[in-house]
file protein_23.csv (CSV, C-alpha atoms)
chain,number,residue,atom,x,y,z
S,1,MET,CA,12.0,-16.1,-0.7
S,2,VAL,CA,15.2,-14.8,-2.3
S,3,VAL,CA,18.3,-16.8,-1.4
S,4,ASN,CA,21.4,-14.7,-1.0
S,5,SER,CA,24.5,-16.9,-1.4
S,6,ALA,CA,27.6,-17.0,-3.5
S,7,GLN,CA,26.4,-20.2,-5.2
S,8,ALA,CA,22.9,-18.8,-5.9
S,9,LEU,CA,24.5,-15.7,-7.4
S,10,ALA,CA,26.9,-17.8,-9.5
S,11,ASP,CA,24.0,-19.8,-10.9
S,12,ARG,CA,22.2,-16.5,-11.7
S,13,TYR,CA,25.2,-15.4,-13.8
S,14,VAL,CA,25.5,-18.7,-15.6
S,15,ASP,CA,21.8,-18.7,-16.4
S,16,PHE,CA,22.1,-15.1,-17.7
S,17,ALA,CA,24.9,-16.1,-19.9
S,18,TRP,CA,23.1,-19.1,-21.3
S,19,TYR,CA,19.5,-18.0,-21.5
S,20,GLN,CA,19.7,-14.2,-22.1
S,21,ALA,CA,23.1,-13.1,-23.4
S,22,ARG,CA,23.8,-16.1,-25.7
S,23,GLY,CA,23.2,-15.0,-29.3
S,24,GLN,CA,22.6,-11.4,-28.3
S,25,SER,CA,25.9,-10.2,-26.9
S,26,ASP,CA,29.1,-12.2,-27.0
S,27,ALA,CA,30.6,-9.8,-24.5
S,28,HIS,CA,27.9,-10.2,-21.9
S,29,GLU,CA,27.8,-13.9,-22.5
S,30,GLU,CA,31.5,-14.3,-21.8
S,31,LEU,CA,31.6,-11.9,-18.9
S,32,ALA,CA,28.6,-13.5,-17.1
S,33,ALA,CA,29.9,-17.0,-17.7
S,34,ARG,CA,33.4,-16.1,-16.3
S,35,ILE,CA,31.8,-14.5,-13.2
S,36,GLY,CA,29.6,-17.5,-12.7
S,37,HIS,CA,32.7,-19.7,-12.4
S,38,ASP,CA,34.6,-17.3,-10.1
S,39,PRO,CA,33.5,-18.3,-6.6
S,40,GLU,CA,35.6,-15.6,-4.9
S,41,PHE,CA,34.1,-12.8,-6.9
S,42,CYS,CA,30.5,-14.1,-6.5
S,43,ASP,CA,31.1,-14.3,-2.8
S,44,HIS,CA,32.1,-10.6,-2.9
S,45,LEU,CA,29.0,-9.7,-4.8
S,46,ALA,CA,26.7,-11.7,-2.5
S,47,ARG,CA,28.2,-9.9,0.6
S,48,SER,CA,28.2,-6.5,-1.0
S,49,LEU,CA,24.8,-6.2,-2.7
S,50,PRO,CA,21.3,-7.0,-1.4
S,51,ALA,CA,19.6,-10.0,-2.8
S,52,GLY,CA,17.1,-9.4,-5.6
S,53,ASN,CA,17.1,-6.8,-8.4
S,54,LYS,CA,20.4,-5.2,-7.2
S,55,GLN,CA,22.2,-8.5,-8.0
S,56,GLN,CA,21.2,-8.5,-11.6
S,57,PRO,CA,24.2,-9.1,-13.9
S,58,LYS,CA,23.1,-6.5,-16.4
S,59,LEU,CA,22.9,-3.8,-13.7
S,60,LEU,CA,26.5,-4.5,-12.6
S,61,PHE,CA,27.7,-4.5,-16.3
S,62,ALA,CA,25.9,-1.2,-17.0
S,63,ALA,CA,27.4,0.3,-13.8
S,64,VAL,CA,31.0,-0.5,-14.9
S,65,ARG,CA,30.3,0.8,-18.5
S,66,TYR,CA,28.7,3.9,-17.0
S,67,LEU,CA,32.0,4.5,-15.1
S,68,ASP,CA,34.1,3.9,-18.2
S,69,GLY,CA,35.4,0.7,-16.9
S,70,PRO,CA,37.7,-1.5,-19.1
S,71,TYR,CA,36.3,-3.2,-22.2
S,72,ALA,CA,33.3,-0.9,-22.0
S,73,GLU,CA,32.2,-1.6,-25.5
S,74,HIS,CA,33.4,-5.1,-26.2
S,75,GLY,CA,33.7,-7.0,-22.9
S,76,PRO,CA,36.6,-9.2,-22.0
S,77,ARG,CA,38.3,-11.6,-24.4
S,78,GLY,CA,40.2,-14.3,-22.6
S,79,ASP,CA,41.6,-14.8,-19.1
S,80,ALA,CA,43.9,-11.8,-19.1
S,81,ALA,CA,41.1,-9.4,-20.2
S,82,TYR,CA,38.7,-10.8,-17.6
S,83,ARG,CA,41.3,-10.4,-14.8
S,84,GLY,CA,41.7,-6.8,-15.9
S,85,TRP,CA,37.9,-6.2,-15.8
S,86,ARG,CA,37.7,-7.9,-12.4
S,87,GLU,CA,40.7,-6.0,-10.9
S,88,TRP,CA,39.3,-2.6,-12.1
S,89,THR,CA,35.8,-3.4,-10.8
S,90,LEU,CA,37.1,-4.4,-7.3
S,91,ARG,CA,39.5,-1.4,-7.2
S,92,HIS,CA,36.6,1.0,-8.0
S,93,TRP,CA,34.0,-1.0,-6.0
S,94,GLU,CA,32.7,1.9,-3.9
S,95,GLN,CA,31.9,3.9,-7.1
S,96,VAL,CA,30.5,0.8,-8.8
S,97,ARG,CA,28.3,-0.1,-5.9
S,98,ALA,CA,27.0,3.4,-5.6
S,99,VAL,CA,25.8,3.3,-9.2
S,100,VAL,CA,24.2,-0.1,-8.7
S,101,MET,CA,22.4,1.0,-5.6
S,102,GLY,CA,21.3,4.4,-7.0
S,103,ARG,CA,20.2,3.2,-10.5
S,104,LEU,CA,17.7,0.8,-11.9
S,105,THR,CA,17.8,-1.4,-15.1
S,106,GLN,CA,15.7,1.0,-17.2
S,107,THR,CA,16.5,0.1,-20.7
S,108,ASN,CA,14.3,2.3,-22.9
S,109,GLU,CA,14.4,0.7,-26.4
S,110,PRO,CA,12.3,2.9,-28.7
S,111,ALA,CA,12.4,0.3,-31.5
S,112,ARG,CA,9.9,-1.7,-29.5
S,113,CYS,CA,7.3,0.7,-30.9
S,114,ALA,CA,7.7,-1.2,-34.2
S,115,THR,CA,6.4,-4.4,-32.5
S,116,LEU,CA,3.6,-2.5,-30.7
S,117,LEU,CA,2.4,-0.6,-33.7
S,118,PRO,CA,0.5,-3.4,-35.5
S,119,LEU,CA,-1.6,-3.8,-32.4
S,120,LEU,CA,-2.0,-0.1,-31.5
S,121,ALA,CA,-3.1,0.7,-35.0
S,122,ARG,CA,-6.0,-1.7,-34.7
S,123,LEU,CA,-7.5,-0.1,-31.6
S,124,PRO,CA,-10.2,2.6,-31.7
S,125,GLN,CA,-8.5,6.0,-32.2
S,126,PRO,CA,-7.4,8.3,-30.7
S,127,LEU,CA,-5.3,6.6,-28.0
S,128,ALA,CA,-4.4,7.6,-24.5
S,129,LEU,CA,-1.1,5.8,-23.8
S,130,LEU,CA,-0.1,5.0,-20.2
S,131,GLU,CA,3.2,3.2,-19.9
S,132,VAL,CA,4.1,1.3,-16.8
S,133,GLY,CA,7.9,1.4,-16.3
S,134,ALA,CA,8.3,4.3,-18.7
S,135,SER,CA,12.0,5.0,-18.1
S,136,ALA,CA,12.7,8.1,-20.2
S,137,GLY,CA,9.3,7.8,-22.0
S,138,LEU,CA,10.7,7.1,-25.5
S,139,CYS,CA,8.1,4.4,-26.1
S,140,LEU,CA,5.3,6.9,-25.5
S,141,TYR,CA,6.0,8.5,-28.9
S,142,PRO,CA,5.2,5.9,-31.6
S,143,ASP,CA,3.9,8.8,-33.7
S,144,ARG,CA,7.3,10.5,-33.7
S,145,TYR,CA,9.3,7.8,-35.5
S,146,ARG,CA,9.5,6.1,-38.9
S,147,TYR,CA,9.1,2.4,-39.6
S,148,ARG,CA,10.2,-0.1,-42.2
S,149,TYR,CA,8.6,-3.6,-42.1
S,150,ASP,CA,10.5,-6.1,-44.2
S,151,ASP,CA,10.8,-4.6,-47.7
S,152,ARG,CA,7.6,-2.5,-47.5
S,153,PRO,CA,7.7,1.3,-48.1
S,154,GLU,CA,8.9,3.3,-45.1
S,155,PHE,CA,6.3,5.4,-43.3
S,156,GLY,CA,5.8,7.5,-40.2
S,157,ALA,CA,6.6,11.0,-38.9
S,158,PRO,CA,8.0,13.2,-41.7
S,159,ASP,CA,11.7,14.1,-41.4
S,160,SER,CA,12.2,11.9,-38.3
S,161,ALA,CA,15.8,10.5,-38.2
S,162,ALA,CA,14.6,7.6,-36.0
S,163,VAL,CA,13.9,4.7,-38.3
S,164,PHE,CA,13.0,1.3,-36.9
S,165,PRO,CA,13.3,-1.8,-39.2
S,166,CYS,CA,11.3,-4.8,-38.2
S,167,ARG,CA,10.9,-8.3,-39.6
S,168,THR,CA,7.3,-9.7,-39.7
S,169,GLY,CA,5.9,-13.2,-39.8
S,170,PRO,CA,3.0,-14.4,-42.0
S,171,GLY,CA,-0.3,-12.8,-41.2
S,172,THR,CA,1.1,-9.8,-39.2
S,173,PRO,CA,-1.3,-6.8,-39.8
S,174,VAL,CA,1.4,-4.4,-40.9
S,175,PRO,CA,0.1,-0.8,-40.6
S,176,ASP,CA,0.8,2.0,-43.0
S,177,ARG,CA,0.4,4.9,-40.7
S,178,VAL,CA,1.2,5.9,-37.1
S,179,PRO,CA,-1.6,6.0,-34.4
S,180,ASP,CA,-3.4,9.1,-33.3
S,181,ILE,CA,-2.2,9.9,-29.8
S,182,ALA,CA,-4.4,12.2,-27.7
S,183,TRP,CA,-2.6,11.8,-24.4
S,184,ARG,CA,0.5,10.1,-23.0
S,185,ALA,CA,1.7,9.4,-19.5
S,186,GLY,CA,4.1,7.2,-17.7
S,187,ILE,CA,4.9,5.7,-14.3
S,188,ASP,CA,8.4,4.8,-13.1
S,189,LEU,CA,10.2,4.4,-9.8
S,190,ASN,CA,12.9,6.7,-11.1
S,191,PRO,CA,11.9,8.5,-14.3
S,192,LEU,CA,14.7,9.5,-16.6
S,193,ASP,CA,14.9,12.7,-18.6
S,194,PRO,CA,16.0,12.4,-22.2
S,195,ALA,CA,17.2,16.0,-22.0
S,196,ASP,CA,19.5,15.2,-19.0
S,197,PRO,CA,23.0,14.2,-20.3
S,198,ASP,CA,23.6,12.0,-17.2
S,199,ASP,CA,20.4,10.1,-17.7
S,200,VAL,CA,21.2,9.6,-21.4
S,201,ARG,CA,24.6,8.3,-20.4
S,202,TRP,CA,22.9,5.7,-18.2
S,203,LEU,CA,20.5,4.7,-20.9
S,204,GLU,CA,23.5,4.1,-23.2
S,205,ALA,CA,25.4,2.2,-20.6
S,206,LEU,CA,22.4,-0.2,-20.4
S,207,VAL,CA,22.6,-1.0,-24.2
S,208,TRP,CA,24.3,-4.4,-24.5
S,209,PRO,CA,27.6,-4.6,-26.3
S,210,GLY,CA,27.2,-6.3,-29.7
S,211,ALA,CA,24.9,-4.3,-31.8
S,212,THR,CA,25.8,-1.4,-29.6
S,213,ASP,CA,26.5,1.3,-32.3
S,214,GLU,CA,23.2,0.6,-34.1
S,215,ARG,CA,21.1,0.6,-30.9
S,216,VAL,CA,22.8,3.7,-29.5
S,217,ARG,CA,22.3,5.5,-32.8
S,218,ARG,CA,18.6,4.6,-32.8
S,219,GLN,CA,18.3,5.8,-29.2
S,220,ARG,CA,20.0,9.1,-29.9
S,221,ALA,CA,17.8,9.6,-33.0
S,222,ALA,CA,14.6,8.9,-30.9
S,223,ILE,CA,15.7,11.4,-28.3
S,224,GLU,CA,16.2,14.0,-31.0
S,225,ALA,CA,12.8,13.1,-32.5
S,226,VAL,CA,11.0,13.8,-29.2
S,227,ARG,CA,13.1,16.7,-28.1
S,228,SER,CA,10.6,19.3,-29.4
S,229,ALA,CA,7.5,17.4,-28.2
S,230,PRO,CA,5.7,18.2,-25.0
S,231,ARG,CA,6.9,16.0,-22.2
S,232,PRO,CA,4.4,13.3,-21.2
S,233,ARG,CA,2.7,13.4,-17.8
S,234,THR,CA,5.2,11.4,-15.7
S,235,VAL,CA,4.6,10.1,-12.2
S,236,ARG,CA,7.4,8.9,-9.9
S,237,GLY,CA,6.2,6.0,-7.9
S,238,ASP,CA,5.2,2.4,-7.6
S,239,LEU,CA,3.2,1.0,-10.6
S,240,ILE,CA,0.4,-0.3,-8.4
S,241,ASP,CA,0.1,2.7,-6.1
S,242,ALA,CA,0.2,5.3,-8.9
S,243,LEU,CA,-1.9,3.6,-11.6
S,244,PRO,CA,-5.5,4.3,-10.6
S,245,ALA,CA,-5.1,8.1,-10.1
S,246,LEU,CA,-3.0,8.5,-13.3
S,247,ALA,CA,-5.4,6.5,-15.4
S,248,ALA,CA,-8.3,8.7,-14.1
S,249,GLU,CA,-6.6,11.6,-15.8
S,250,ALA,CA,-6.8,10.1,-19.3
S,251,PRO,CA,-9.3,12.0,-21.5
S,252,SER,CA,-12.7,10.3,-21.7
S,253,GLY,CA,-12.8,10.7,-25.5
S,254,ALA,CA,-9.7,8.5,-26.1
S,255,THR,CA,-9.1,4.8,-25.8
S,256,LEU,CA,-7.0,4.2,-22.7
S,257,VAL,CA,-4.1,1.8,-23.4
S,258,VAL,CA,-2.1,0.6,-20.3
S,259,PHE,CA,1.0,-1.0,-21.7
S,260,HIS,CA,4.4,-2.3,-20.6
S,261,THR,CA,7.4,-4.2,-22.0
S,262,SER,CA,9.8,-6.3,-19.9
S,263,VAL,CA,8.7,-4.6,-16.7
S,264,LEU,CA,6.7,-7.1,-14.6
S,265,THR,CA,9.7,-9.5,-14.6
S,266,TYR,CA,11.1,-7.3,-11.9
S,267,LEU,CA,8.2,-7.9,-9.6
S,268,PRO,CA,7.6,-11.1,-7.5
S,269,PRO,CA,4.8,-13.3,-8.8
S,270,GLU,CA,2.2,-12.1,-6.1
S,271,ARG,CA,2.8,-8.5,-7.1
S,272,ARG,CA,2.3,-9.4,-10.8
S,273,GLU,CA,-1.1,-10.9,-9.9
S,274,GLU,CA,-2.0,-7.8,-7.9
S,275,PHE,CA,-1.1,-5.6,-10.8
S,276,ALA,CA,-3.2,-7.7,-13.1
S,277,ARG,CA,-6.2,-7.4,-10.9
S,278,LEU,CA,-5.7,-3.7,-10.6
S,279,VAL,CA,-5.5,-3.1,-14.4
S,280,ARG,CA,-8.7,-5.1,-14.9
S,281,THR,CA,-10.5,-3.0,-12.3
S,282,VAL,CA,-9.2,0.3,-13.7
S,283,LEU,CA,-10.3,-0.5,-17.3
S,284,ARG,CA,-13.6,-1.9,-16.2
S,285,GLU,CA,-14.5,1.3,-14.4
S,286,ARG,CA,-14.0,3.5,-17.4
S,287,ASP,CA,-17.0,4.7,-19.4
S,288,ARG,CA,-15.2,4.1,-22.7
S,289,PRO,CA,-13.6,0.7,-23.1
S,290,GLY,CA,-9.8,0.6,-22.5
S,291,HIS,CA,-7.2,-2.1,-23.1
S,292,TRP,CA,-4.2,-3.7,-21.4
S,293,VAL,CA,-1.2,-4.4,-23.7
S,294,SER,CA,1.5,-6.5,-22.1
S,295,ASN,CA,4.8,-7.4,-23.8
S,296,GLU,CA,6.6,-9.8,-21.4
S,297,HIS,CA,8.4,-13.1,-21.4
S,298,ARG,CA,5.9,-16.0,-21.4
S,299,SER,CA,7.0,-17.0,-17.8
S,300,VAL,CA,6.0,-13.6,-16.4
S,301,LEU,CA,2.2,-13.9,-16.9
S,302,PRO,CA,1.9,-17.7,-17.1
S,303,TRP,CA,-1.9,-17.7,-17.4
S,304,ILE,CA,-1.5,-16.1,-20.9
S,305,THR,CA,-0.9,-19.1,-23.1
S,306,THR,CA,1.3,-18.6,-26.1
S,307,PRO,CA,0.7,-20.8,-29.1
S,308,ARG,CA,3.5,-21.4,-31.6
S,309,PRO,CA,3.3,-19.5,-34.9
S,310,ALA,CA,2.3,-21.7,-37.9
S,311,GLN,CA,5.3,-20.5,-39.8
S,312,PRO,CA,7.8,-19.2,-37.2
S,313,LEU,CA,10.6,-16.8,-38.2
S,314,LYS,CA,14.1,-17.9,-37.8
S,315,VAL,CA,15.3,-15.6,-35.0
S,316,THR,CA,18.1,-15.6,-32.4
S,317,GLU,CA,16.7,-12.9,-30.1
S,318,LEU,CA,14.8,-13.6,-26.9
S,319,LEU,CA,11.0,-13.5,-27.8
S,320,LEU,CA,8.3,-11.8,-25.7
S,321,THR,CA,4.6,-12.5,-25.8
S,322,LEU,CA,2.5,-9.5,-26.9
S,323,ALA,CA,-0.9,-9.8,-25.4
S,324,LEU,CA,-4.1,-7.7,-25.7
S,325,ASP,CA,-6.3,-8.0,-22.6
S,326,GLU,CA,-4.6,-11.2,-21.5
S,327,ARG,CA,-4.9,-12.9,-24.9
S,328,ALA,CA,-1.6,-13.6,-26.8
S,329,VAL,CA,-1.6,-12.0,-30.3
S,330,ALA,CA,2.1,-12.0,-31.3
S,331,LEU,CA,5.7,-13.0,-30.5
S,332,THR,CA,8.1,-10.0,-30.5
S,333,GLY,CA,11.8,-9.5,-30.5
S,334,GLN,CA,12.9,-8.0,-27.1
S,335,HIS,CA,14.5,-5.0,-28.9
S,336,GLY,CA,11.9,-4.5,-31.6
S,337,GLN,CA,13.7,-6.7,-34.2
S,338,SER,CA,10.7,-8.8,-35.2
S,339,VAL,CA,7.0,-9.4,-34.7
S,340,GLN,CA,5.2,-12.7,-35.5
S,341,TRP,CA,1.4,-12.7,-35.4
S,342,LEU,CA,-0.3,-15.7,-33.8

call {"tool": "encode", "arguments": {"input": "protein_23.csv", "output": "structure tokens"}}
result
Amino acid sequence: MVVNSAQALADRYVDFAWYQARGQSDAHEELAARIGHDPEFCDHLARSLPAGNKQQPKLLFAAVRYLDGPYAEHGPRGDAAYRGWREWTLRHWEQVRAVVMGRLTQTNEPARCATLLPLLARLPQPLALLEVGASAGLCLYPDRYRYRYDDRPEFGAPDSAAVFPCRTGPGTPVPDRVPDIAWRAGIDLNPLDPADPDDVRWLEALVWPGATDERVRRQRAAIEAVRSAPRPRTVRGDLIDALPALAAEAPSGATLVVFHTSVLTYLPPERREEFARLVRTVLRERDRPGHWVSNEHRSVLPWITTPRPAQPLKVTELLLTLALDERAVALTGQHGQSVQWL
């Protein structure tokens, strides 16, 4: 049961500041903390927005940035700046609320391909990629980018301007080539089009202030890298309702890989369990073995145990658990910064 109250919302903002934004975005950390200690503004949010995903801090922040609100790139600095951000947001509330209600948090970080690649390269080729929560589909093109692991030689698609650096922990099976992709498809409640300037604007608004310039450059380079590629098969719909029929379209001669990153966190626990049962069934019914690749926070699929690496990297980013068929194989940076094999 979702509780909708000003205090519950304030707690949500404080938790976001402390557990998600801290060390990742000073602007988001400060803004979320200030909102969490602003009872009047939290009461306004609780009364204006339905409980659940529409009350996510990062959705509100992205909406204000999308509308060119104040401190779009750097966030508030001090009381006066926060009051300016708050006043602008309330004055433009109808527009802000319309964006929140009409959009979803659909961060499409193509650099996550760098953390998926060591696993995808070990599966029987060619691959049929089916991404759940595909957003603009940028993670469906791991073969269109270039990669640089630690100080190893760069490799990947020739002449691609999208280059993804990634730190690795001991024992990580670093590949030296991109996978062979025979088919690619995605499911999303509201698929985005990388050729649509307004959708691209929303994708950029979702990028957290901090390492903004670098991440936006990577995203733009990835969009350019896939511009000439055929668009993947994309289905608008619920991930559970749409999965069986779309998976059935995958070519029988390819290894079907159903994958997702930071998607199931938006589902209630009972829906996550329903999705897990469905994926097992879909893969079991195929003539050729397929695989489920999940890349989620350890709390999202709690039955997947995540051991600690023997020699963990020193990182500040939030770590996700990369799992193959419900067995943890690595810890990954949420934006593709690092991968540590387990």

call {"tool": "atom_distance", "arguments": {"input": "protein_23.csv", "atom1": "atom CA of S:Glu30", "atom2": "atom CA of S:Arg83"}}
result
12.7 Å

call {"tool": "atom_distance", "arguments": {"input": "protein_23.csv", "atom1": "atom CA of S:Trp183", "atom2": "atom CA of S:Pro232"}}
result
7.8 Å

call {"tool": "residues_near_point", "arguments": {"input": "protein_23.csv", "point": "(-15.5, 5.3, -20.2)", "cutoff": "6 Å", "atoms": "all atoms listed in the file", "output": "PyMOL selection string"}}
result
chain S and resi 252+286-289

call {"tool": "write_last_selection", "arguments": {"input": "protein_23.csv", "atoms": "C-alpha atoms", "output": "CSV table (one decimal), keeping the file's coordinate frame"}}
result
chain,number,residue,atom,x,y,z
S,252,SER,CA,-12.7,10.3,-21.7
S,286,ARG,CA,-14.0,3.5,-17.4
S,287,ASP,CA,-17.0,4.7,-19.4
S,288,ARG,CA,-15.2,4.1,-22.7
S,289,PRO,CA,-13.6,0.7,-23.1

call {"tool": "atom_distance", "arguments": {"input": "protein_23.csv", "atom1": "atom CA of S:Gly78", "atom2": "atom CA of S:Leu45"}}
result
21.5 Å

call {"tool": "residues_around", "arguments": {"input": "protein_23.csv", "residues": "stretch 176-179 of chain S", "least_positions_apart": "5", "cutoff": "12 Å", "atoms": "only C-alpha atoms", "output": "MDAnalysis selection string"}}
result
chainID S and resid 113:114 116:129 140:149 152:158 254:255

call {"tool": "residues_around", "arguments": {"input": "protein_23.csv", "residues": "S:Ala310", "least_positions_apart": "5", "cutoff": "12 Å", "atoms": "only C-alpha atoms", "output": "list of chain:residue names"}}
result
S:Gly169, S:Pro170, S:Gly171, S:Ala330, S:Leu331, S:Gln340, S:Trp341, S:Leu342

call {"tool": "closest_residue", "arguments": {"input": "protein_23.csv", "among": "S:Arg220, S:Leu283, S:Leu319, S:Glu326", "to": "S:Pro302", "atoms": "all atoms listed in the file"}}
result
S:Glu326

call {"tool": "closest_residue", "arguments": {"input": "protein_23.csv", "among": "S:Val339, S:Ala32, S:Ala46, S:Val258", "to": "S:Val174", "atoms": "all atoms listed in the file"}}
result
S:Val339

call {"tool": "closest_residue", "arguments": {"input": "protein_23.csv", "among": "S:Asp241, S:Thr115, S:Ser262, S:Leu31", "to": "S:Ala81", "atoms": "only C-alpha atoms"}}
result
S:Leu31

call {"tool": "closest_residue", "arguments": {"input": "protein_23.csv", "among": "S:Arg327, S:Val315, S:Ile240, S:Ala250", "to": "S:Arg277", "atoms": "all atoms listed in the file"}}
result
S:Ile240

call {"tool": "closest_residue", "arguments": {"input": "protein_23.csv", "among": "S:Val279, S:Leu267, S:Leu130, S:Ala182", "to": "S:Asn53", "atoms": "only C-alpha atoms"}}
result
S:Leu267

call {"tool": "closest_residue", "arguments": {"input": "protein_23.csv", "among": "S:Glu296, S:His291, S:Thr234, S:Ser338", "to": "S:Thr321", "atoms": "only C-alpha atoms"}}
result
S:Glu296

call {"tool": "residues_around", "arguments": {"input": "protein_23.csv", "residues": "stretch 35-40 of chain S", "least_positions_apart": "5", "cutoff": "6 Å", "atoms": "all atoms listed in the file", "output": "list in words"}}
result
Ala10, Tyr13 and Val14 of chain S

call {"tool": "write_last_selection", "arguments": {"input": "protein_23.csv", "atoms": "C-alpha atoms", "output": "PDB file, keeping the file's coordinate frame"}}
result
ATOM      1  CA  ALA S  10      26.900 -17.800  -9.500  1.00  0.00           C
ATOM      2  CA  TYR S  13      25.200 -15.400 -13.800  1.00  0.00           C
ATOM      3  CA  VAL S  14      25.500 -18.700 -15.600  1.00  0.00           C
TER       4      VAL S  14
END

call {"tool": "closest_atom_pairs", "arguments": {"input": "protein_23.csv", "of": "stretch 248-301 of chain S", "to": "stretch 94-106 of chain S", "cutoff": "12 Å", "atoms": "all atoms listed in the file", "output": "tab-separated table"}}
result
residue	atom	partner	partner_atom	distance
S:Thr261	CA	S:Gln106	CA	10.9
S:Ser262	CA	S:Gln106	CA	9.8
S:Val263	CA	S:Gln106	CA	9.0
S:Thr265	CA	S:Thr105	CA	11.5
S:Tyr266	CA	S:Thr105	CA	9.5
